[in-house]
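Everything on this sheet refers to the single structure shown next.
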Amino acid sequence: MSALLALDTSTEWASVAIFDGTAVLAEETWHAQRRHAEDLFPTIERLIALSRAPFKAVDKVAVATGPGSFTGLRVAIAAAQGIARGSGAALVGVSTLDVLAYPHASSKLRTCPLLPAGRGEFYAALYQERNRKWARRSPFIVGPLVDVCRQIGTHTLFVGEIDQEAESTLRDLLGPLALFAPPASRMRRAGYLAELGWNELAERRQAPLGALEPIYVRQPAVGGSFAQPFAPPPADDAALGLPKRSA
């Protein structure tokens with residue numbers, strides 16, 4: 001038997017799953033607040049027992065790498081590295097925003113996952129299918145919702161950690177262009193992280209243990225929040241209404 005352990009402590013919400021390549025054997029998502037370090041290993045032990053999979057069967061580990069909270073990201077990444085180092089399991093990192101967007105690929109809608117970045121700002125990115133390939137079509141970005149909305153020129157499905165205030169702001173700024181997934185389907189689930197990680201490892205994208213780092217998105221010191229890419233977007237991003245990149 002082969003199994004993958006997926007770990008996500010990117011924000012105040014955390015999630016863990018056990019996946020065997022065809023099914024999620026056990027999964028738990030909870031409001032950890034700032035108790036990631038205290039909760040994570042007891043949750044792993046509980047899910048291993050619930051999955052009926054022996055721990056030695058866990059030969060793959062996937063971890064959410066952000067963006068997210070500095071402390072939260074470090075907890076899951078350190079745990080994933082320790083488990084992989086101790087057991088020899090293959091290790092892969094997956095962006096937290098990728099995990100949020102992934103289950104909505106079948107909607108065919110441009111999708112914008114949101115995560116709180118503090119001080120009234122949000123982490124975001126834009127995802128869309130093109131040529132039958134679902135992928136991120138923008139840089140990872142950070143800023144207030146008014147700046148995020150400047151990138152929206154068509155109907156967009158918003159997912160992620162969106163409270164009532166944020167939803168109201170998006171509706172005020174975008175009107176009918178702002179679409180919202182039901183609350184339960186907006187949230188991150190480690191089962192989706194597990195599936196993405198399994199697929200990446202099948203394509204031989206294993207990360208060296210020491211090379212796995214959190215994704216931290218920072219605003220430029222000068223200029224607008226979206227004037228400079230934080231991660232390489234596709235060359236055709238202008239077609240999606242994204243800002244022109246600086247030379």
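Going by the structure tokens order, chains are called A, B, ..., each with residues numbered from 1, while ligands are numbered from 1 in the order shown.
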
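Using only C-alpha atoms, the protein and nucleic acid residues lying no more than 9 Å from Leu193 in chain A, apart from those fewer than 5 places from it along its own chain, are Ala6, Leu7, Asp8, Ala17, Ala62, Val63, Ala64, Val94, Ser95, Thr96, Asp98, Val99, Leu100, Tyr102, Arg188 and Trp198 of chain A.
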
key: DSSP strand (DSSP E or B) residues within range 6-236 of chain A, listed as a PyMOL selection string   = chain A and resi 6-8+13-19+24-31+58-64+90-94+110-118+121-124+127-130+133-136+141-144+156-160+178-180

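Around Trp13 in chain A, within 8 Å and counting only C-alpha atoms, the residues found are Thr9, Thr29, Trp30, His31, Ala32 and Gln33 of chain A, once anything fewer than 4 positions away on its own chain is removed.
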
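Counting only C-alpha atoms, the residue from A:Leu114, A:Leu179, A:Ala78, A:Val61 that sits nearest to Thr154 in chain A is A:Leu179.
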
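Proximity of A:Ala23, A:Ile77, A:Cys112, A:Ala125 to Leu177 in chain A, computed with only C-alpha atoms, is greatest for A:Cys112.
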
How close does each residue of range 51-114 of chain A get to range 181-187 of chain A, giving the shortest atom pair and distance in Å to one decimal for every residue with an atom at most 9 Å away, counting only C-alpha atoms, sorted by chain and residue number, as a tab-separated table?
residue	atom	partner	partner_atom	distance
A:Leu100	CA	A:Met187	CA	6.9
A:Ala101	CA	A:Arg186	CA	8.8
A:Pro103	CA	A:Ser185	CA	8.3
A:His104	CA	A:Ala181	CA	8.8
A:Pro113	CA	A:Arg186	CA	8.4

What does the file look like for those residues with N, CA and C atoms, as a JSON list (two decimals), in the first residue's frame?
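Writing done, so here's selection.json:
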[["chain", "number", "residue", "atom", "x", "y", "z"],
["A", 100, "LEU", "N", -6.91, 26.08, -3.06],
["A", 100, "LEU", "CA", -8.23, 26.70, -3.01],
["A", 100, "LEU", "C", -8.92, 26.71, -4.36],
["A", 101, "ALA", "N", -8.16, 26.98, -5.42],
["A", 101, "ALA", "CA", -8.76, 27.10, -6.75],
["A", 101, "ALA", "C", -9.08, 25.76, -7.38],
["A", 103, "PRO", "N", -10.54, 22.76, -6.80],
["A", 103, "PRO", "CA", -11.84, 22.07, -6.91],
["A", 103, "PRO", "C", -12.85, 22.81, -7.78],
["A", 104, "HIS", "N", -12.55, 24.03, -8.19],
["A", 104, "HIS", "CA", -13.49, 24.80, -8.99],
["A", 104, "HIS", "C", -13.13, 24.82, -10.48],
["A", 113, "PRO", "N", -9.08, 32.82, -5.67],
["A", 113, "PRO", "CA", -9.02, 32.48, -4.25],
["A", 113, "PRO", "C", -8.47, 33.64, -3.44]]

ask   = What does the distance from CA of Asp147 in chain A to CA of Gly66 in chain A come to in Å, to one decimal?
value = 20.3 Å

task = Pick out the residues sitting within 9 Å of range 39-49 of chain A, and hand them over as an NGL selection string; count only C-alpha atoms, and ignore anything fewer than 2 positions along from it in its own chain.
result = :A and (5 or 7 or 9 or 14-18 or 25-28 or 32 or 35-37 or 51-55 or 75-76 or 79)

Same residues, C-alpha atoms, saved as a PDB file, in the first residue's frame:
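The resulting result_27.pdb:
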ATOM      1  CA  LEU A   5      -0.052  12.576   3.995  1.00  0.00           C
ATOM      2  CA  LEU A   7      -0.578  18.967   5.700  1.00  0.00           C
ATOM      3  CA  THR A   9      -1.535  25.076   8.369  1.00  0.00           C
ATOM      4  CA  ALA A  14      -5.792  23.910   9.172  1.00  0.00           C
ATOM      5  CA  SER A  15      -6.384  20.613   7.378  1.00  0.00           C
ATOM      6  CA  VAL A  16      -4.821  17.148   7.238  1.00  0.00           C
ATOM      7  CA  ALA A  17      -5.659  14.227   4.944  1.00  0.00           C
ATOM      8  CA  ILE A  18      -4.538  10.696   4.063  1.00  0.00           C
ATOM      9  CA  LEU A  25      -9.050   7.718   3.386  1.00  0.00           C
ATOM     10  CA  ALA A  26      -9.364  10.242   6.213  1.00  0.00           C
ATOM     11  CA  GLU A  27      -9.506  14.018   6.470  1.00  0.00           C
ATOM     12  CA  GLU A  28      -9.986  16.726   9.083  1.00  0.00           C
ATOM     13  CA  ALA A  32      -6.798  26.002  14.661  1.00  0.00           C
ATOM     14  CA  ARG A  35      -2.678  26.293  17.930  1.00  0.00           C
ATOM     15  CA  HIS A  36      -1.190  24.683  14.834  1.00  0.00           C
ATOM     16  CA  ALA A  37       1.844  23.301  16.642  1.00  0.00           C
ATOM     17  CA  SER A  51      -7.593   5.588   7.667  1.00  0.00           C
ATOM     18  CA  ARG A  52      -6.566   2.053   8.690  1.00  0.00           C
ATOM     19  CA  ALA A  53      -3.302   2.730   6.860  1.00  0.00           C
ATOM     20  CA  PRO A  54      -0.095   1.818   8.723  1.00  0.00           C
ATOM     21  CA  PHE A  55       2.252   4.766   9.113  1.00  0.00           C
ATOM     22  CA  VAL A  75       4.602  24.588  11.308  1.00  0.00           C
ATOM     23  CA  ALA A  76       3.388  22.350   8.463  1.00  0.00           C
ATOM     24  CA  ALA A  79       6.545  18.810  10.147  1.00  0.00           C
TER      25      ALA A  79
END

message = Which residues are near Ile141 in chain A? Cut-off 6 Å, only C-alpha atoms, ignore same chain within fewer than 2 positions. Put them as a PyMOL selection string.
response = chain A and resi 123-124+139

Export, as a short mmCIF file (atom, residue, chain, number, x, y, z; two decimals), in the first residue's frame, the selected residues with C-alpha atoms.
data_model
loop_
_atom_site.label_atom_id
_atom_site.label_comp_id
_atom_site.auth_asym_id
_atom_site.auth_seq_id
_atom_site.Cartn_x
_atom_site.Cartn_y
_atom_site.Cartn_z
CA TYR A 123 -3.49 37.30 -0.94
CA ALA A 124 -4.98 36.44 -4.31
CA PRO A 139 1.20 36.55 -10.33
#

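With only C-alpha atoms as the atoms that count, the residue of A:Ala105, A:Val92, A:Leu73, A:Val217 with the shortest distance to Phe140 in chain A is A:Val217.
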
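Secondary structure of range 118-166 of chain A, helix (DSSP H, G or I) only (DSSP, backbone atoms): Leu145, Val146, Asp147, Val148, Cys149, Gln164, Glu165 and Ala166 of chain A.
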
task = Give the answer as one residue: which of A:Glu200, A:Thr65, A:Val58, A:Arg110 has the shortest atom-to-atom distance to Ser87 in chain A, using only C-alpha atoms?
result = A:Val58

key: Straight-line distance linking CA of Phe180 in chain A with CA of Thr156 in chain A, stated in Å to one decimal   = 8.3 Å

key: Shell of 10 Å around Ser2 in chain A, only C-alpha atoms, local chain residues under 6 positions omitted, as a ChimeraX atom specification   = /A:19-21,53-54,56-60

Put those residues in a file: C-alpha atoms, as a PDB file, in the first residue's frame.
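Output file selection.pdb is given in full below:
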ATOM      1  CA  PHE A  19      -4.830   9.804   0.356  1.00  0.00           C
ATOM      2  CA  ASP A  20      -4.033   6.549  -1.451  1.00  0.00           C
ATOM      3  CA  GLY A  21      -4.075   7.826  -5.030  1.00  0.00           C
ATOM      4  CA  ALA A  53      -3.302   2.730   6.860  1.00  0.00           C
ATOM      5  CA  PRO A  54      -0.095   1.818   8.723  1.00  0.00           C
ATOM      6  CA  LYS A  56       4.921   2.893   7.154  1.00  0.00           C
ATOM      7  CA  ALA A  57       2.578   3.072   4.144  1.00  0.00           C
ATOM      8  CA  VAL A  58       2.971   6.873   4.067  1.00  0.00           C
ATOM      9  CA  ASP A  59       5.651   7.184   1.408  1.00  0.00           C
ATOM     10  CA  LYS A  60       4.611  10.643   0.160  1.00  0.00           C
TER      11      LYS A  60
END

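Minimum atom-to-atom distances from A:Leu115, A:Ala84, A:Leu126, A:Ala89 to His155 in chain A were compared using only C-alpha atoms, and the lowest value belongs to A:Leu126.
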
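Distances to Phe158 in chain A were evaluated for A:Ser138, A:Thr22, A:Asn131, A:Thr111 using only C-alpha atoms, and the minimum falls at A:Thr111.
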
query = Which distance in Å separates CA of Gly191 in chain A and CA of Gly82 in chain A, to one decimal?
reply = 20.8 Å
